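The data block below is start_8.cif; it holds mmCIF, C-alpha atoms.
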```cif
data_structure
#
loop_
_atom_site.label_atom_id
_atom_site.label_comp_id
_atom_site.auth_asym_id
_atom_site.auth_seq_id
_atom_site.Cartn_x
_atom_site.Cartn_y
_atom_site.Cartn_z
CA MET T 1 -20.26 -12.44 -40.34
CA ALA T 2 -23.48 -12.55 -42.33
CA LEU T 3 -22.16 -15.20 -44.67
CA SER T 4 -21.17 -17.49 -41.80
CA GLY T 5 -24.81 -17.68 -40.71
CA ARG T 6 -25.88 -18.50 -44.24
CA LEU T 7 -23.23 -21.22 -44.44
CA THR T 8 -24.46 -22.76 -41.21
CA ARG T 9 -27.98 -22.86 -42.57
CA ALA T 10 -26.70 -24.30 -45.83
CA ILE T 11 -24.98 -27.13 -43.96
CA ARG T 12 -28.19 -27.94 -42.12
CA LEU T 13 -30.04 -28.02 -45.43
CA GLY T 14 -27.56 -30.54 -46.73
CA SER T 15 -26.05 -28.42 -49.44
CA PHE T 16 -22.69 -30.05 -48.83
CA ILE T 17 -22.98 -33.25 -50.84
CA GLY T 18 -19.60 -34.83 -50.30
CA THR T 19 -16.20 -34.30 -48.81
CA ASN T 20 -14.34 -33.81 -52.08
CA ARG T 21 -15.00 -31.06 -54.60
CA ARG T 22 -16.00 -32.39 -58.01
CA LEU T 23 -16.21 -30.58 -61.30
CA ILE T 24 -18.73 -32.13 -63.64
CA PHE T 25 -18.29 -31.41 -67.32
CA ASN T 26 -19.09 -33.39 -70.47
CA ARG T 27 -21.05 -35.92 -68.37
CA ILE T 28 -17.81 -37.19 -66.77
CA GLN T 29 -17.15 -36.87 -63.02
CA ARG T 30 -13.70 -35.45 -62.49
CA ARG T 31 -11.11 -36.89 -60.18
CA GLY T 32 -9.90 -35.05 -57.07
CA ILE T 33 -7.84 -31.91 -57.44
CA ALA T 34 -4.07 -32.46 -57.43
CA ALA T 35 -2.39 -30.96 -54.35
CA CYS T 36 -0.07 -28.76 -56.40
CA ILE T 37 -2.98 -26.80 -57.90
CA ASP T 38 -5.41 -27.05 -54.98
CA PRO T 39 -7.00 -23.59 -54.64
CA SER T 40 -7.67 -24.12 -50.93
CA ILE T 41 -3.96 -24.11 -50.07
CA GLY T 42 -3.11 -21.18 -47.80
CA LEU T 43 -6.72 -20.35 -46.91
CA SER T 44 -8.20 -20.18 -43.43
CA ASP T 45 -10.75 -22.75 -42.30
CA GLU T 46 -13.57 -20.26 -42.80
CA GLN T 47 -12.35 -19.40 -46.30
CA LYS T 48 -12.16 -23.09 -47.16
CA GLU T 49 -15.73 -23.49 -45.93
CA PHE T 50 -17.28 -20.86 -48.18
CA GLN T 51 -14.97 -21.85 -51.03
CA LYS T 52 -16.47 -25.33 -50.79
CA VAL T 53 -19.98 -23.88 -50.81
CA ALA T 54 -19.09 -21.99 -54.00
CA PHE T 55 -17.52 -25.05 -55.65
CA ASP T 56 -20.55 -27.17 -54.81
CA PHE T 57 -22.93 -24.50 -56.08
CA ALA T 58 -20.92 -24.25 -59.30
CA ALA T 59 -20.96 -28.02 -59.82
CA ASN T 60 -24.63 -28.56 -58.99
CA GLU T 61 -26.44 -25.37 -59.97
CA MET T 62 -24.30 -23.91 -62.76
CA ALA T 63 -22.17 -26.45 -64.64
CA PRO T 64 -25.12 -28.69 -65.69
CA HIS T 65 -26.78 -25.66 -67.34
CA MET T 66 -23.71 -23.81 -68.61
CA ALA T 67 -24.01 -24.97 -72.23
CA ASP T 68 -27.77 -24.37 -72.36
CA TRP T 69 -27.44 -20.85 -70.98
CA ASP T 70 -24.76 -20.17 -73.60
CA GLN T 71 -26.51 -21.64 -76.62
CA ASN T 72 -29.95 -20.25 -75.81
CA GLU T 73 -28.70 -16.96 -74.35
CA ILE T 74 -30.52 -17.45 -71.04
CA PHE T 75 -30.01 -14.95 -68.22
CA PRO T 76 -30.29 -17.34 -65.24
CA VAL T 77 -32.05 -15.04 -62.79
CA GLU T 78 -33.35 -17.74 -60.46
CA THR T 79 -29.98 -19.47 -60.24
CA MET T 80 -28.33 -16.17 -59.33
CA ARG T 81 -30.95 -15.59 -56.65
CA LYS T 82 -30.08 -18.99 -55.21
CA ALA T 83 -26.45 -17.83 -55.13
CA ALA T 84 -27.59 -14.69 -53.33
CA GLN T 85 -29.20 -16.87 -50.65
CA LEU T 86 -25.68 -18.08 -49.87
CA GLY T 87 -24.47 -14.49 -49.52
CA PHE T 88 -23.02 -14.10 -53.02
CA GLY T 89 -25.17 -11.12 -54.06
CA GLY T 90 -23.27 -8.61 -51.91
CA ILE T 91 -20.09 -10.37 -50.92
CA TYR T 92 -18.11 -7.29 -49.90
CA VAL T 93 -21.09 -5.11 -49.02
CA GLN T 94 -21.46 -4.27 -45.32
CA PRO T 95 -23.77 -6.52 -43.26
CA ASP T 96 -25.99 -3.69 -41.96
CA VAL T 97 -27.59 -3.41 -45.42
CA GLY T 98 -27.71 -7.13 -46.16
CA GLY T 99 -24.18 -7.79 -47.40
CA SER T 100 -21.82 -10.55 -46.35
CA GLY T 101 -19.06 -8.18 -45.24
CA LEU T 102 -16.25 -10.31 -46.60
CA SER T 103 -12.80 -9.22 -47.77
CA ARG T 104 -11.44 -8.79 -51.29
CA LEU T 105 -9.48 -12.01 -50.89
CA ASP T 106 -12.60 -13.87 -49.79
CA THR T 107 -14.39 -12.46 -52.82
CA SER T 108 -11.67 -13.65 -55.19
CA VAL T 109 -11.83 -17.15 -53.71
CA ILE T 110 -15.61 -17.26 -54.25
CA PHE T 111 -15.55 -15.95 -57.82
CA GLU T 112 -12.79 -18.37 -58.81
CA ALA T 113 -14.86 -21.29 -57.50
CA LEU T 114 -18.14 -20.13 -59.08
CA SER T 115 -16.46 -19.63 -62.46
CA THR T 116 -15.65 -23.32 -62.69
CA GLY T 117 -19.40 -23.77 -63.19
CA CYS T 118 -20.05 -20.87 -65.59
CA VAL T 119 -17.69 -17.98 -66.29
CA SER T 120 -20.28 -15.80 -68.00
CA THR T 121 -22.80 -15.97 -65.16
CA THR T 122 -20.12 -15.47 -62.50
CA ALA T 123 -18.73 -12.47 -64.37
CA TYR T 124 -22.15 -10.84 -64.29
CA ILE T 125 -22.46 -11.59 -60.56
CA SER T 126 -19.07 -9.90 -60.09
CA ILE T 127 -20.29 -6.76 -61.91
CA HIS T 128 -23.47 -6.74 -59.84
CA ASN T 129 -21.36 -6.99 -56.67
CA MET T 130 -19.21 -4.07 -57.81
CA CYS T 131 -22.31 -1.91 -58.33
CA ALA T 132 -23.71 -2.84 -54.91
CA TRP T 133 -20.34 -2.00 -53.34
CA MET T 134 -20.31 1.42 -55.02
CA ILE T 135 -23.67 2.31 -53.50
CA ASP T 136 -22.63 0.87 -50.13
CA THR T 137 -19.32 2.76 -50.11
CA PHE T 138 -20.22 6.11 -51.68
CA GLY T 139 -23.94 6.34 -50.98
CA ASN T 140 -25.50 8.08 -48.02
CA THR T 141 -27.61 6.26 -45.43
CA GLU T 142 -30.84 6.67 -47.37
CA GLN T 143 -29.29 5.41 -50.63
CA ARG T 144 -27.67 2.43 -48.94
CA GLU T 145 -30.90 1.44 -47.23
CA LYS T 146 -32.96 1.96 -50.39
CA TYR T 147 -30.84 -0.04 -52.85
CA CYS T 148 -28.42 -2.41 -51.12
CA PRO T 149 -30.82 -4.89 -49.47
CA ASP T 150 -32.58 -5.74 -52.75
CA LEU T 151 -29.25 -5.94 -54.58
CA CYS T 152 -27.77 -8.27 -51.98
CA THR T 153 -30.72 -10.67 -52.29
CA MET T 154 -30.70 -10.17 -56.07
CA ASP T 155 -34.37 -9.31 -55.98
CA LYS T 156 -33.01 -6.49 -58.11
CA PHE T 157 -30.03 -6.55 -60.44
CA ALA T 158 -27.53 -3.82 -61.28
CA SER T 159 -25.49 -2.71 -64.29
CA TYR T 160 -22.37 -0.54 -64.52
CA CYS T 161 -22.49 2.19 -67.18
CA LEU T 162 -19.14 3.78 -68.03
CA THR T 163 -18.18 2.82 -71.60
CA GLU T 164 -19.62 4.84 -74.48
CA PRO T 165 -19.55 4.35 -78.26
CA GLY T 166 -16.77 6.95 -78.50
CA SER T 167 -14.98 6.43 -75.18
CA GLY T 168 -13.70 3.02 -74.24
CA SER T 169 -10.16 3.04 -72.91
CA ASP T 170 -10.31 6.84 -72.75
CA ALA T 171 -13.11 6.76 -70.19
CA ALA T 172 -12.51 10.33 -69.00
CA SER T 173 -13.63 11.64 -72.41
CA LEU T 174 -17.21 10.43 -71.92
CA LEU T 175 -19.95 12.65 -73.38
CA THR T 176 -23.12 11.54 -71.57
CA SER T 177 -24.28 14.74 -69.86
CA ALA T 178 -26.40 15.56 -66.82
CA ARG T 179 -27.73 19.10 -66.63
CA LEU T 180 -29.05 20.24 -63.26
CA GLU T 181 -32.61 21.62 -63.35
CA GLY T 182 -34.05 22.24 -59.91
CA ASP T 183 -34.04 19.01 -57.93
CA HIS T 184 -33.39 16.77 -60.98
CA TYR T 185 -30.63 16.11 -63.48
CA VAL T 186 -31.59 15.92 -67.16
CA LEU T 187 -29.54 13.05 -68.50
CA ASN T 188 -28.68 12.70 -72.21
CA GLY T 189 -26.32 10.35 -74.04
CA SER T 190 -25.65 6.65 -74.46
CA LYS T 191 -23.57 3.85 -73.01
CA ALA T 192 -22.23 0.83 -74.91
CA PHE T 193 -21.59 -2.84 -74.09
CA ILE T 194 -23.57 -2.74 -70.84
CA SER T 195 -23.76 -6.15 -69.14
CA GLY T 196 -27.34 -6.87 -68.11
CA GLY T 197 -28.59 -3.84 -70.05
CA GLY T 198 -32.36 -3.96 -70.48
CA ASP T 199 -32.83 -6.84 -68.04
CA THR T 200 -31.49 -5.21 -64.89
CA ASP T 201 -33.18 -2.79 -62.52
CA VAL T 202 -30.52 -0.32 -61.38
CA TYR T 203 -27.92 1.47 -63.54
CA ILE T 204 -24.79 3.08 -62.07
CA VAL T 205 -24.15 5.82 -64.64
CA MET T 206 -21.04 7.95 -65.05
CA CYS T 207 -21.98 11.26 -66.66
CA ARG T 208 -20.61 14.75 -67.20
CA THR T 209 -21.93 17.44 -64.89
CA GLY T 210 -19.01 19.85 -65.27
CA GLU T 211 -15.84 20.54 -67.24
CA ARG T 212 -14.49 18.22 -69.93
CA ASP T 213 -11.98 16.52 -67.65
CA PRO T 214 -12.14 13.76 -65.02
CA LYS T 215 -13.23 16.27 -62.35
CA GLY T 216 -16.35 17.06 -64.37
CA ILE T 217 -17.76 13.53 -64.05
CA SER T 218 -20.45 12.53 -61.53
CA CYS T 219 -22.19 9.26 -60.69
CA LEU T 220 -25.97 8.78 -60.81
CA VAL T 221 -28.18 5.83 -59.91
CA VAL T 222 -30.84 5.45 -62.60
CA GLU T 223 -33.78 3.12 -62.08
CA LYS T 224 -35.14 1.06 -64.97
CA GLU T 225 -38.60 2.63 -65.12
CA THR T 226 -37.25 6.18 -65.34
CA PRO T 227 -38.84 8.05 -68.31
CA GLY T 228 -36.30 8.71 -71.05
CA LEU T 229 -34.31 5.53 -70.39
CA SER T 230 -34.23 3.06 -73.29
CA PHE T 231 -32.15 0.17 -74.58
CA GLY T 232 -30.60 -0.96 -77.85
CA LYS T 233 -30.82 -4.39 -79.42
CA LYS T 234 -29.40 -7.39 -77.63
CA GLU T 235 -25.86 -7.87 -78.92
CA LYS T 236 -24.78 -11.17 -80.49
CA LYS T 237 -21.50 -12.10 -78.82
CA MET T 238 -18.71 -14.64 -79.11
CA GLY T 239 -19.06 -15.48 -75.41
CA TRP T 240 -20.65 -14.24 -72.20
CA ASN T 241 -23.98 -15.36 -73.64
CA SER T 242 -25.70 -16.05 -70.31
CA GLN T 243 -25.81 -12.30 -69.70
CA PRO T 244 -27.48 -9.84 -72.09
CA THR T 245 -25.46 -6.93 -73.46
CA ARG T 246 -27.15 -3.82 -74.83
CA ALA T 247 -26.60 -0.13 -75.37
CA VAL T 248 -28.25 2.02 -72.68
CA MET T 249 -29.64 5.33 -73.90
CA PHE T 250 -30.82 8.47 -72.12
CA GLU T 251 -33.06 11.08 -73.75
CA ASP T 252 -34.05 13.89 -71.40
CA CYS T 253 -34.01 11.30 -68.64
CA MET T 254 -35.04 12.96 -65.37
CA VAL T 255 -32.98 11.67 -62.43
CA PRO T 256 -33.49 13.08 -58.91
CA VAL T 257 -30.51 14.84 -57.35
CA THR T 258 -31.00 12.46 -54.43
CA ASN T 259 -29.81 9.66 -56.75
CA ARG T 260 -26.31 11.10 -57.07
CA LEU T 261 -23.61 9.04 -55.35
CA GLY T 262 -21.11 11.25 -53.56
CA GLN T 263 -20.46 14.83 -54.60
CA GLU T 264 -20.54 16.38 -58.06
CA GLY T 265 -17.22 15.73 -59.73
CA GLN T 266 -16.51 12.59 -57.71
CA GLY T 267 -17.77 10.18 -60.37
CA PHE T 268 -14.49 9.39 -62.07
CA ASN T 269 -12.87 8.59 -58.74
CA ILE T 270 -15.81 6.30 -57.88
CA ALA T 271 -15.53 4.60 -61.27
CA MET T 272 -11.80 3.96 -60.92
CA LYS T 273 -12.09 2.66 -57.36
CA GLY T 274 -14.79 0.30 -58.53
CA LEU T 275 -12.66 -0.90 -61.42
CA ASN T 276 -9.69 -1.69 -59.18
CA GLY T 277 -11.84 -4.30 -57.48
CA GLY T 278 -13.45 -5.24 -60.77
CA ARG T 279 -10.05 -6.11 -62.19
CA ILE T 280 -9.39 -8.54 -59.36
CA ASN T 281 -12.88 -9.98 -59.78
CA ILE T 282 -12.53 -10.57 -63.52
CA ALA T 283 -9.05 -12.04 -63.05
CA SER T 284 -10.58 -14.40 -60.48
CA CYS T 285 -13.18 -15.47 -63.04
CA SER T 286 -10.32 -16.25 -65.44
CA LEU T 287 -8.67 -18.30 -62.70
CA GLY T 288 -11.79 -20.44 -62.34
CA ALA T 289 -11.91 -21.11 -66.07
CA ALA T 290 -8.22 -22.02 -66.15
CA HIS T 291 -8.56 -24.27 -63.12
CA ALA T 292 -11.45 -26.11 -64.78
CA CYS T 293 -9.53 -26.41 -68.05
CA VAL T 294 -6.45 -27.88 -66.37
CA GLN T 295 -8.75 -30.48 -64.82
CA LEU T 296 -10.42 -31.15 -68.18
CA ALA T 297 -7.09 -31.44 -69.99
CA LYS T 298 -5.68 -33.78 -67.38
CA GLU T 299 -8.70 -36.06 -67.61
CA HIS T 300 -8.66 -36.05 -71.41
CA LEU T 301 -4.97 -36.95 -71.55
CA MET T 302 -5.55 -39.88 -69.21
CA VAL T 303 -8.47 -41.39 -71.15
CA ARG T 304 -7.68 -40.52 -74.77
CA LYS T 305 -5.43 -42.99 -76.60
CA GLN T 306 -3.41 -42.44 -79.75
CA PHE T 307 -0.63 -44.56 -81.23
CA GLY T 308 -1.54 -47.36 -78.84
CA GLU T 309 -1.15 -45.49 -75.54
CA ALA T 310 -2.72 -42.78 -73.44
CA LEU T 311 -1.84 -39.21 -74.35
CA SER T 312 -0.72 -38.75 -70.74
CA ASN T 313 2.36 -40.85 -71.58
CA ASN T 314 3.48 -38.29 -74.18
CA GLN T 315 6.28 -36.23 -72.66
CA PHE T 316 5.54 -33.15 -74.78
CA LEU T 317 1.95 -33.08 -73.47
CA GLN T 318 3.18 -33.75 -69.93
CA PHE T 319 5.41 -30.68 -70.20
CA LYS T 320 2.55 -28.60 -71.57
CA LEU T 321 0.29 -29.67 -68.72
CA ALA T 322 3.04 -28.81 -66.23
CA GLU T 323 3.38 -25.34 -67.74
CA MET T 324 -0.38 -24.84 -67.55
CA ALA T 325 -0.44 -25.83 -63.88
CA THR T 326 2.50 -23.55 -63.08
CA LYS T 327 0.88 -20.57 -64.79
CA LEU T 328 -2.36 -21.29 -62.95
CA VAL T 329 -0.74 -21.28 -59.52
CA ALA T 330 1.38 -18.19 -60.31
CA SER T 331 -1.75 -16.39 -61.47
CA ARG T 332 -3.65 -17.32 -58.33
CA LEU T 333 -0.86 -16.05 -56.09
CA LEU T 334 -0.75 -12.72 -57.92
CA VAL T 335 -4.52 -12.23 -57.72
CA ARG T 336 -4.56 -12.96 -54.01
CA GLN T 337 -1.66 -10.59 -53.35
CA ALA T 338 -3.47 -7.83 -55.27
CA ALA T 339 -6.67 -8.54 -53.33
CA LEU T 340 -4.82 -8.16 -50.03
CA ALA T 341 -3.22 -4.92 -51.20
CA LEU T 342 -6.61 -3.48 -52.17
CA GLN T 343 -8.23 -4.58 -48.91
CA GLU T 344 -5.45 -2.91 -46.94
CA SER T 345 -5.48 0.25 -49.12
CA ARG T 346 -1.76 -0.15 -49.73
CA ALA T 347 0.17 2.24 -51.93
CA ASP T 348 0.86 -0.55 -54.43
CA ALA T 349 -2.81 -1.58 -54.73
CA VAL T 350 -3.59 0.10 -58.08
CA PRO T 351 -0.54 -1.22 -60.01
CA LEU T 352 -0.95 -4.66 -58.40
CA CYS T 353 -4.60 -4.81 -59.46
CA SER T 354 -3.49 -3.88 -62.98
CA MET T 355 -0.69 -6.48 -62.92
CA ALA T 356 -3.13 -9.13 -61.78
CA LYS T 357 -5.64 -8.27 -64.47
CA LEU T 358 -2.95 -8.14 -67.19
CA PHE T 359 -1.03 -11.28 -66.26
CA VAL T 360 -3.89 -13.48 -65.15
CA THR T 361 -6.32 -12.81 -67.99
CA ASP T 362 -3.52 -13.30 -70.56
CA GLU T 363 -2.09 -16.45 -68.98
CA CYS T 364 -5.43 -18.05 -68.13
CA PHE T 365 -6.64 -17.55 -71.69
CA GLN T 366 -3.52 -19.35 -72.88
CA ILE T 367 -4.18 -22.17 -70.41
CA CYS T 368 -7.73 -22.61 -71.69
CA ASN T 369 -6.63 -22.38 -75.31
CA GLN T 370 -3.92 -25.00 -74.73
CA ALA T 371 -6.49 -27.26 -73.07
CA LEU T 372 -8.65 -26.96 -76.18
CA GLN T 373 -5.64 -27.86 -78.35
CA MET T 374 -5.03 -30.95 -76.23
CA HIS T 375 -8.60 -32.06 -76.91
CA GLY T 376 -7.94 -31.95 -80.65
CA GLY T 377 -11.08 -31.87 -82.78
CA TYR T 378 -13.24 -32.69 -79.78
CA GLY T 379 -12.24 -29.42 -78.16
CA TYR T 380 -13.88 -27.56 -81.03
CA LEU T 381 -17.25 -29.21 -80.43
CA LYS T 382 -19.88 -27.54 -78.26
CA ASP T 383 -20.48 -30.86 -76.51
CA TYR T 384 -17.18 -30.18 -74.72
CA ALA T 385 -16.99 -27.45 -72.08
CA VAL T 386 -13.43 -26.42 -72.89
CA GLN T 387 -14.46 -24.41 -75.96
CA GLN T 388 -16.93 -22.39 -73.92
CA PHE T 389 -14.30 -21.50 -71.35
CA VAL T 390 -12.08 -20.25 -74.19
CA ARG T 391 -14.88 -18.14 -75.67
CA ASP T 392 -16.07 -16.77 -72.34
CA ILE T 393 -12.72 -15.57 -70.99
CA ARG T 394 -11.39 -14.03 -74.19
CA VAL T 395 -13.21 -10.79 -73.40
CA HIS T 396 -11.49 -10.57 -70.01
CA GLN T 397 -8.41 -9.22 -71.81
CA ILE T 398 -10.56 -6.33 -73.08
CA LEU T 399 -13.03 -5.23 -70.42
CA GLU T 400 -12.42 -3.55 -67.03
CA GLY T 401 -9.67 -1.66 -68.86
CA THR T 402 -7.89 -3.34 -71.77
CA ASN T 403 -4.65 -5.12 -71.04
CA GLU T 404 -2.87 -2.42 -73.02
CA VAL T 405 -4.21 0.15 -70.55
CA MET T 406 -3.05 -2.09 -67.69
CA ARG T 407 0.48 -1.85 -69.10
CA MET T 408 0.16 1.95 -69.17
CA ILE T 409 -0.92 2.06 -65.50
CA ILE T 410 1.91 -0.25 -64.42
CA ALA T 411 4.53 1.68 -66.41
CA ARG T 412 3.28 4.99 -65.04
CA SER T 413 3.61 3.67 -61.50
CA LEU T 414 7.15 2.49 -62.14
CA LEU T 415 8.30 5.73 -63.75
CA MET T 416 6.75 7.98 -61.13
CA ASP T 417 8.57 6.33 -58.20
#
```
Encoding of this model in structure tokens:
Amino acid sequence: MALSGRLTRAIRLGSFIGTNRRLIFNRIQRRGIAACIDPSIGLSDEQKEFQKVAFDFAANEMAPHMADWDQNEIFPVETMRKAAQLGFGGIYVQPDVGGSGLSRLDTSVIFEALSTGCVSTTAYISIHNMCAWMIDTFGNTEQREKYCPDLCTMDKFASYCLTEPGSGSDAASLLTSARLEGDHYVLNGSKAFISGGGDTDVYIVMCRTGERDPKGISCLVVEKETPGLSFGKKEKKMGWNSQPTRAVMFEDCMVPVTNRLGQEGQGFNIAMKGLNGGRINIASCSLGAAHACVQLAKEHLMVRKQFGEALSNNQFLQFKLAEMATKLVASRLLVRQAALALQESRADAVPLCSMAKLFVTDECFQICNQALQMHGGYGYLKDYAVQQFVRDIRVHQILEGTNEVMRMIIARSLLMD
């Protein structure tokens, strides 16, 4: 596989800096990971190898800068390009166009590990990967060869444009239109909450080319320098501050017909297939945050003293920590099962992806929030990483389909059988 070669080169370059994974937060080196929550359990030797690469990259290239990227709203382009050198720019893109050709499970393992270093940056990388996969999967030979190599190296970055000011959960009601004129589409409308908007190079845009139903939606690739493409102000957000978010606007934007992915009317299907994987990816990012927060909480309980003894001796807090660890492991198992189902195109893939997104983003947020509570007043300070994990993963319960929509998908699957 392409990634295996990159890993071999990484070993030669000495990117493995120790035999044990370490998470570094708040200027304290963490102790080894307890066996009961070890994310490498059940993985193959190859999966453990690139998981370790991702953990080391998170600890050395991301975690030391996580707070700065957040507070100063820095989009860490060069760091992401370093990640791409390890094969993380096109993890499940095919090798013939520069991808690593890994599975959905492999991808989940990598995103969980990277998120321990910075959730916000990893979440953007996951969106970029989803866009590259869409072009790789639904594009023709010319489109794949034109876009995928630069996306896999992250010489160029991608954004996914589905949500509009008036259509969030009801994505099929989108109004952005593309009128065919000769060999171009004339694109008009706007998209909201676009990760990377204004800073990225390639926009995967869902637009209406036909009737006002899902079958009237098509998918266009719009390049940044296209006349008629513009961007709104950079949004001020609670979290996810290492990636810019803007509205993306189209005013008589001329897009060549050759930039359409798939056939006319296939766009909604492309969007939903992309989101199935996106839901696993974002759940995996939540897993990484929760894993880091369990580690942070454990360390804090062992060093913080109140009433003359360490907090770790308090049975109530012991029970809370046990619950956090149990929810973490249960979440990880569900994500990995959903990833396998999607990889194998099983009949239960869509509801399992929805279950994973619903359960894992809810439970991992609670884990992070409980970790903050265990830190007391310190957890509310920006000197402590736990508060940033809480802020960064809160949005995971909203995007890639709200958790309310996940319940609808799951219920529909149950009632149709």
Would you pick out the contacts of Glu400 of chain T at 12 Å or less, using all atoms listed in the file, so that residues sharing its chain but fewer than 3 positions from it are not included, and give the list as a VMD selection string? chain T and resid 123 126 to 127 130 160 to 163 168 to 169 171 193 to 195 271 to 283 353 to 354 357 to 358 361 395 to 397 403 to 406
I'd like to see the residues matched by the PyMOL selection byres ((chain T and resi 350) around 9) on this file, and ideally I'd get them as an NGL selection string. :T and (273 or 276 or 338 or 341-342 or 346-349 or 351-355 or 409-410 or 413)
Name the residues that the PyMOL selection byres ((chain T and resi 302) around 12) pulls out of this structure, and write them as JSON, numbers by chain. {"T": [30, 31, 295, 296, 297, 298, 299, 300, 301, 303, 304, 305, 306, 309, 310, 311, 312, 313, 314, 317, 318, 321, 374, 375]}
Suppose you want the space between atom CA of Tyr378 of chain T and atom CA of Ile398 of chain T; what is it in Å?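 About the pair atom CA of Tyr378 of chain T and atom CA of Ile398 of chain T: they are 27.3 Å apart.
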Can you work out which one of T:Asp45, T:Glu323, T:Glu225, T:Glu251 has the shortest atom-to-atom distance to Glu363 of chain T, counting all atoms listed in the file?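 Counting all atoms listed in the file, the residue closest to Glu363 of chain T is T:Glu323.
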Mind checking which residues fall within 8 Å of segment 65-81 of chain T, counting only C-alpha atoms, ignoring those fewer than 3 positions away in the same chain, and posting them as a VMD selection string? chain T and resid 61 to 62 84 to 85 89 117 to 118 121 125 153 to 155 239 to 244 382 385 388
Atom CA of Gly308 of chain T to atom CA of Gly379 of chain T measures 20.9 Å
So how many Å separate atom CA of Gly99 of chain T and atom CA of Ser284 of chain T, to one decimal?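 A separation of 20.0 Å between them.
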Measuring atom to atom with only C-alpha atoms, identify which of T:Ser286, T:Ser173, T:Gln315, T:Gln51 is nearest to Cys364 of chain T.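 Between T:Ser286, T:Ser173, T:Gln315, T:Gln51, the residue approaching Cys364 of chain T most closely is T:Ser286.
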Give me the segment 251-284 of chain T side of the contact with segment 197-209 of chain T, cut-off 8 Å, one line per residue showing its nearest atom pair and distance in Å at one decimal, counting all atoms listed in the file, sorted by chain and residue number, as a tab-separated table.
```
residue	atom	partner	partner_atom	distance
T:Glu264	CA	T:Thr209	CA	7.1
T:Gly265	CA	T:Thr209	CA	7.2
T:Gly267	CA	T:Met206	CA	6.1
T:Phe268	CA	T:Met206	CA	7.3
T:Ala271	CA	T:Met206	CA	7.5
```
Show me the residues around (-13.6, -12.4, -46.8) - criterion: an atom at most 12 Å away, only C-alpha atoms counted - as an MDAnalysis selection string. chainID T and resid 1:4 43:51 87:88 90:94 99:111 336 339:340 343
Run the PyMOL selection byres ((chain T and resi 228) around 9) against the file shown and list the residues it catches, as JSON, numbers by chain. {"T": [187, 188, 225, 226, 227, 229, 230, 249, 250, 251, 252, 253, 254]}
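Closest approach to Thr326 of chain T among T:Ala356, T:Ala54, T:Ile367, T:Ala289 is made by T:Ile367 (distances from all atoms listed in the file).
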